[in-house]
$ cat coords-v4.txt   # compact mmCIF, C-alpha atoms
# COMPACT_ATOMS: atom_id res chain seq x y z
CA MET C 1 -16.97 -6.09 -25.30
CA PRO C 2 -16.41 -9.83 -25.76
CA ARG C 3 -15.14 -11.56 -22.64
CA SER C 4 -12.33 -13.16 -24.65
CA THR C 5 -11.07 -9.68 -25.61
CA VAL C 6 -11.00 -8.60 -21.97
CA HIS C 7 -8.99 -11.70 -21.06
CA ARG C 8 -6.52 -11.28 -23.94
CA VAL C 9 -5.86 -7.58 -23.34
CA ALA C 10 -5.52 -8.05 -19.56
CA GLU C 11 -3.07 -10.92 -20.04
CA GLU C 12 -0.95 -8.89 -22.46
CA VAL C 13 -0.78 -5.96 -20.05
CA VAL C 14 0.07 -8.24 -17.10
CA ALA C 15 2.93 -9.71 -19.16
CA ILE C 16 4.86 -6.42 -18.80
CA ARG C 17 4.26 -6.18 -15.06
CA HIS C 18 7.90 -6.45 -13.98
CA GLN C 19 8.91 -3.71 -16.40
CA VAL C 20 6.42 -1.26 -14.89
CA ILE C 21 5.81 -2.29 -11.26
CA ARG C 22 9.28 -2.51 -9.77
CA PHE C 23 11.37 -1.39 -6.83
CA PRO C 24 13.83 1.50 -7.23
CA ASN C 25 16.71 -0.16 -9.10
CA THR C 26 19.55 2.31 -8.47
CA PRO C 27 20.84 4.07 -5.34
CA GLU C 28 19.87 7.37 -6.96
CA ASP C 29 16.28 6.19 -7.52
CA LEU C 30 16.03 4.99 -3.91
CA GLU C 31 17.41 8.29 -2.63
CA ALA C 32 14.81 10.18 -4.67
CA VAL C 33 12.02 8.07 -3.17
CA CYS C 34 13.31 8.62 0.38
CA ARG C 35 13.68 12.37 -0.16
CA GLY C 36 10.16 12.36 -1.52
CA PHE C 37 8.73 10.69 1.58
CA ALA C 38 10.61 13.11 3.84
CA GLY C 39 9.02 15.90 1.81
CA LEU C 40 5.56 14.40 2.18
CA ALA C 41 6.09 13.94 5.93
CA ARG C 42 7.64 17.41 6.12
CA HIS C 43 10.34 16.05 8.39
CA ARG C 44 13.88 14.74 7.97
CA ALA C 45 13.26 11.86 10.36
CA PHE C 46 11.51 10.12 7.44
CA LEU C 47 14.51 10.19 5.10
CA LYS C 48 14.73 6.37 5.35
CA ALA C 49 11.09 5.79 4.37
CA ALA C 50 11.16 3.78 1.14
CA GLY C 51 7.48 3.11 0.52
CA ALA C 52 3.94 3.08 1.90
CA ILE C 53 1.78 -0.06 2.10
CA ASP C 54 -1.95 -0.68 2.42
CA GLY C 55 -4.75 -2.94 1.25
CA CYS C 56 -7.62 -2.06 -1.09
CA HIS C 57 -10.88 -3.99 -1.46
CA VAL C 58 -12.14 -4.48 -5.02
CA ARG C 59 -15.82 -5.37 -5.40
CA ILE C 60 -16.54 -8.67 -7.14
CA LYS C 61 -19.38 -11.02 -7.92
CA PRO C 62 -18.62 -13.86 -5.50
CA PRO C 63 -18.83 -17.56 -6.36
CA SER C 64 -22.06 -19.27 -5.46
CA GLY C 65 -22.33 -21.62 -2.51
CA PRO C 66 -20.68 -21.47 0.91
CA ASP C 67 -17.30 -20.42 -0.53
CA GLY C 68 -18.82 -17.10 -1.52
CA GLN C 69 -19.17 -16.04 2.12
CA CYS C 70 -15.41 -15.85 2.67
CA TYR C 71 -15.25 -13.01 0.14
CA ARG C 72 -17.45 -10.75 2.30
CA ASN C 73 -15.32 -8.14 4.02
CA ARG C 74 -16.03 -6.30 7.26
CA LYS C 75 -18.23 -3.85 5.34
CA LEU C 76 -20.28 -6.84 4.18
CA PHE C 77 -19.70 -6.59 0.44
CA PRO C 78 -17.79 -9.30 -1.49
CA SER C 79 -14.29 -8.31 -2.50
CA ILE C 80 -10.77 -9.38 -3.39
CA ILE C 81 -7.83 -7.65 -1.72
CA LEU C 82 -5.12 -5.72 -3.52
CA GLN C 83 -2.10 -5.15 -1.28
CA ALA C 84 0.23 -2.54 -2.74
CA VAL C 85 3.36 -0.57 -1.90
CA CYS C 86 3.81 2.79 -3.60
CA ASP C 87 6.56 5.38 -3.83
CA HIS C 88 6.32 9.07 -2.91
CA GLN C 89 4.55 9.88 -6.19
CA GLY C 90 1.84 7.24 -5.83
CA ARG C 91 3.48 4.86 -8.33
CA PHE C 92 3.09 1.20 -7.34
CA ILE C 93 6.41 -0.55 -6.71
CA ASP C 94 4.90 -3.85 -5.49
CA THR C 95 1.46 -5.47 -5.77
CA TYR C 96 0.02 -8.69 -4.34
CA VAL C 97 -3.58 -9.52 -5.14
CA GLY C 98 -6.00 -12.41 -4.75
CA TRP C 99 -6.95 -12.94 -1.10
CA PRO C 100 -10.69 -12.92 -0.30
CA GLY C 101 -12.13 -9.86 1.42
CA SER C 102 -12.70 -11.50 4.80
CA VAL C 103 -8.94 -11.81 5.41
CA HIS C 104 -7.25 -9.12 7.48
CA ASP C 105 -4.48 -6.98 5.96
CA ALA C 106 -1.92 -8.31 8.45
CA ARG C 107 -2.55 -11.90 7.37
CA VAL C 108 -2.25 -11.01 3.68
CA LEU C 109 1.06 -9.38 4.52
CA ARG C 110 2.45 -12.48 6.21
CA TYR C 111 1.92 -14.58 3.07
CA CYS C 112 3.15 -12.10 0.45
CA PRO C 113 6.57 -12.49 -1.24
CA LEU C 114 7.63 -9.04 0.00
CA TYR C 115 7.40 -10.31 3.59
CA ARG C 116 8.57 -13.89 3.10
CA ARG C 117 11.59 -13.11 0.91
CA SER C 118 12.65 -9.79 2.51
CA MET C 119 13.15 -8.36 -0.98
CA TYR C 120 12.68 -4.69 -0.08
CA PRO C 121 13.51 -2.22 1.38
CA PRO C 122 17.30 -2.21 1.74
CA PRO C 123 18.82 -2.42 5.26
CA GLY C 124 18.29 0.71 7.32
CA HIS C 125 15.13 1.67 5.44
CA PHE C 126 11.48 1.07 6.28
CA ILE C 127 7.98 1.05 4.82
CA LEU C 128 5.15 3.11 6.28
CA ALA C 129 1.92 1.32 7.25
CA ASP C 130 -1.29 2.09 9.12
CA GLY C 131 -2.42 0.61 12.43
CA GLY C 132 -3.87 -2.47 10.79
CA TYR C 133 -0.33 -3.81 10.38
CA PRO C 134 2.21 -4.88 13.01
CA CYS C 135 5.12 -2.56 13.75
CA LEU C 136 8.14 -4.62 12.67
CA GLN C 137 11.88 -4.43 12.19
CA HIS C 138 12.27 -7.97 10.79
CA PRO C 139 11.56 -9.74 8.44
CA LEU C 140 9.91 -6.70 6.83
CA PRO C 141 10.63 -3.29 8.37
CA LEU C 142 7.24 -1.63 8.87
CA ILE C 143 6.75 1.54 10.88
CA THR C 144 3.17 2.12 12.02
CA PRO C 145 1.66 5.00 14.03
CA TYR C 146 1.28 4.85 17.79
CA LYS C 147 -1.94 3.18 18.87
CA ARG C 148 -4.94 5.23 19.95
CA PRO C 149 -5.38 6.83 22.41
CA VAL C 150 -2.05 8.46 21.71
CA ARG C 151 -0.21 9.59 24.83
CA GLY C 152 2.32 12.38 24.83
CA VAL C 153 2.98 15.31 22.53
CA GLY C 154 5.96 13.56 20.90
CA ALA C 155 3.89 10.53 19.86
CA GLN C 156 1.10 12.77 18.57
CA ARG C 157 3.54 14.78 16.51
CA PHE C 158 5.13 11.61 15.13
CA ASN C 159 1.69 10.28 14.10
CA LEU C 160 0.95 13.54 12.29
CA HIS C 161 4.13 13.42 10.20
CA HIS C 162 3.70 9.67 9.65
CA SER C 163 0.15 10.19 8.35
CA ARG C 164 1.25 12.94 5.97
CA ALA C 165 3.67 10.55 4.30
CA ARG C 166 1.70 7.30 4.53
CA SER C 167 -1.48 8.74 3.04
CA ILE C 168 0.13 8.72 -0.44
CA ILE C 169 -0.90 5.05 -0.77
CA GLU C 170 -4.52 6.02 -0.13
CA ARG C 171 -4.25 8.71 -2.80
CA ALA C 172 -2.70 6.18 -5.19
CA PHE C 173 -5.67 3.84 -4.72
CA GLY C 174 -8.01 6.80 -5.10
CA MET C 175 -6.41 7.87 -8.39
CA MET C 176 -6.59 4.35 -9.78
CA LYS C 177 -10.25 3.99 -8.78
CA THR C 178 -11.09 7.33 -10.36
CA ARG C 179 -9.27 6.47 -13.57
CA PHE C 180 -11.00 3.08 -13.90
CA ARG C 181 -14.38 3.89 -12.39
CA SER C 182 -16.27 1.15 -14.20
CA ILE C 183 -13.93 -1.45 -12.68
CA PHE C 184 -13.47 -0.23 -9.12
CA LEU C 185 -16.73 1.53 -8.28
CA LYS C 186 -19.01 -1.44 -9.00
CA ALA C 187 -18.70 -5.22 -8.88
CA LEU C 188 -16.39 -6.62 -11.54
CA GLU C 189 -18.21 -8.61 -14.20
CA VAL C 190 -15.42 -11.18 -14.73
CA HIS C 191 -15.07 -14.55 -12.99
CA HIS C 192 -13.56 -14.15 -9.52
CA THR C 193 -10.51 -16.25 -10.48
CA PHE C 194 -9.63 -13.74 -13.22
CA VAL C 195 -10.11 -10.65 -11.04
CA PRO C 196 -6.41 -10.56 -9.95
CA HIS C 197 -5.36 -10.24 -13.60
CA VAL C 198 -7.72 -7.29 -14.17
CA ILE C 199 -6.58 -5.53 -10.99
CA THR C 200 -2.90 -6.05 -11.82
CA ALA C 201 -3.47 -4.70 -15.34
CA CYS C 202 -5.08 -1.58 -13.86
CA ALA C 203 -2.12 -1.08 -11.50
CA ILE C 204 0.27 -1.33 -14.46
CA LEU C 205 -1.73 1.18 -16.51
CA HIS C 206 -1.90 3.49 -13.47
CA ASN C 207 1.92 3.54 -13.34
CA ILE C 208 2.20 4.14 -17.07
CA CYS C 209 -0.20 7.09 -16.83
CA LEU C 210 1.77 8.64 -13.95
CA GLY C 211 4.97 8.10 -15.90
CA VAL C 212 3.75 10.32 -18.73
CA GLY C 213 2.38 12.98 -16.38
CA ASP C 214 -1.29 11.97 -16.55
CA ILE C 215 -2.21 12.64 -12.90
CA MET C 216 -5.81 12.56 -11.69
CA ALA C 217 -7.31 13.99 -8.54
CA PRO C 218 -8.77 11.04 -6.62
CA GLU C 219 -12.54 11.20 -6.22
CA ASP C 220 -12.84 8.06 -4.12
CA GLU C 221 -10.46 8.23 -1.17
CA HIS C 222 -9.38 4.95 0.38
CA GLU C 223 -10.82 4.58 3.88
CA GLU C 224 -8.39 3.81 6.66
CA ASP C 225 -8.86 0.53 8.47
CA ASP C 226 -10.13 1.02 12.02
CA VAL C 227 -8.65 -2.27 13.24
CA GLU C 228 -5.32 -1.68 14.95
CA ASP C 229 -2.27 -3.87 15.44
CA GLU C 230 -3.65 -7.23 14.36
CA GLY C 231 -0.78 -9.67 13.95
CA GLU C 232 1.43 -7.83 16.43
CA HIS C 233 2.48 -11.10 18.07
CA VAL C 234 3.78 -13.09 15.12
CA LEU C 235 6.42 -15.79 15.60
CA GLU C 236 9.93 -15.19 14.25
CA THR C 237 9.55 -11.44 13.97
CA VAL C 238 11.37 -8.55 15.60
CA SER C 239 9.25 -5.64 16.81
CA GLY C 240 9.83 -2.26 15.24
CA ALA C 241 8.61 -0.39 18.33
CA PRO C 242 12.13 0.65 19.48
CA TRP C 243 12.87 1.95 15.97
CA ARG C 244 9.59 3.88 16.02
CA ASP C 245 10.53 5.39 19.41
CA GLN C 246 13.86 6.48 17.94
CA LEU C 247 12.14 8.10 14.97
CA SER C 248 9.67 9.79 17.31
CA ALA C 249 12.57 11.24 19.29
CA GLU C 250 14.11 12.51 16.05
CA VAL C 251 10.81 14.14 15.09
CA SER C 252 10.84 16.03 18.40
CA ALA C 253 14.49 17.01 18.06
CA LEU C 254 15.06 17.71 14.36
CA GLU C 255 13.82 20.54 12.19
CA GLU C 256 11.12 20.03 9.61
CA VAL C 257 11.82 19.77 5.87
CA PRO C 258 11.32 23.05 4.00
CA ILE C 259 8.42 22.80 1.56
CA ASP C 260 10.26 23.67 -1.65
CA HIS C 261 8.40 21.54 -4.17
CA ASP C 262 5.40 19.31 -4.69
CA TYR C 263 5.97 15.54 -4.50
CA LEU C 264 2.76 14.50 -6.26
$ encode --input "coords-v4.txt" --output "structure tokens"
Amino acid sequence: MPRSTVHRVAEEVVAIRHQVIRFPNTPEDLEAVCRGFAGLARHRAFLKAAGAIDGCHVRIKPPSGPDGQCYRNRKLFPSIILQAVCDHQGRFIDTYVGWPGSVHDARVLRYCPLYRRSMYPPPGHFILADGGYPCLQHPLPLITPYKRPVRGVGAQRFNLHHSRARSIIERAFGMMKTRFRSIFLKALEVHHTFVPHVITACAILHNICLGVGDIMAPEDEHEEDDVEDEGEHVLETVSGAPWRDQLSAEVSALEEVPIDHDYL
């Protein structure tokens, strides 16, 4: 396929990004997302979860010269990072792409519009994240699991329910990779400066496919980052640890959500 065709089609798809990748725009839509996350977690303590966030490394052909080294991630292959937030069905509601693979997820977070502009979620709600992110209440409410080794039955139980809900973002990445295998399972053939456009176009098409009921079983599961709590001590932030403790107490006290339907 001519390179010019790839560029033109990707640009046209990216042009409709804000129509397809968007936050819940009504109270009813937000309530459906929160109910969905409580269903995934199988616990009512997660009724204020409004999304799940993670980073995904997309293989690229790096630029030549010394600049190419900064694209090598901790697994030693060159990549560009896609940070995404998804809803309970694995539909992307926010994407931020372009940082080189050597950058940690927590640093990407600190520079994204979602963090800097406090656009989402609404007050009283939070986003689920893995241990590679800081646990925050402000400027972006992120609830992460308790660090390993986990002490106490309550914290262990909280981590279990948290993982059940948060893992939807891993499945979302897995579905997208499976759907676009030639893009995500080998190095992209386009220039590294155009990679963000291709990735964003794939995220848009992923949402469109889910919207019409075209759901795929992920073949390539996203691997969880082993690095924990980088960026915990960031200036001008408010820790979410007390909020997490409150949720953990609710998990120990409240009944689980009946499994009455499938959220994916």
$ atom_distance --input "coords-v4.txt" --atom1 "atom CA of C:Gly211" --atom2 "atom CA of C:Arg91"
8.4 Å
$ residues_around --input "coords-v4.txt" --residues "C:Leu160" --least-positions-apart "5" --cutoff "9 Å" --atoms "all atoms listed in the file" --output "PDB file with C-alpha atoms, in the coordinates of the input"
ATOM      1  CA  ALA C  41       6.090  13.940   5.930  1.00  0.00           C
ATOM      2  CA  PRO C 145       1.660   5.000  14.030  1.00  0.00           C
ATOM      3  CA  ALA C 155       3.890  10.530  19.860  1.00  0.00           C
ATOM      4  CA  ALA C 165       3.670  10.550   4.300  1.00  0.00           C
TER       5      ALA C 165
END
$ atom_distance --input "coords-v4.txt" --atom1 "atom CA of C:Gly39" --atom2 "atom CA of C:Pro123"
21.1 Å
$ residues_around --input "coords-v4.txt" --residues "stretch 207-209 of chain C" --least-positions-apart "6" --cutoff "12 Å" --atoms "all atoms listed in the file" --output "ChimeraX atom specification"
/C:13,16-22,86-87,89-95,172-173,175-176,179-180,200-201,215-216
$ residues_around --input "coords-v4.txt" --residues "stretch 2-6 of chain C" --least-positions-apart "4" --cutoff "9 Å" --atoms "only C-alpha atoms" --output "PyMOL selection string"
chain C and resi 10-11+190+198
$ atom_distance --input "coords-v4.txt" --atom1 "atom CA of C:Glu219" --atom2 "atom CA of C:Arg181"
9.7 Å
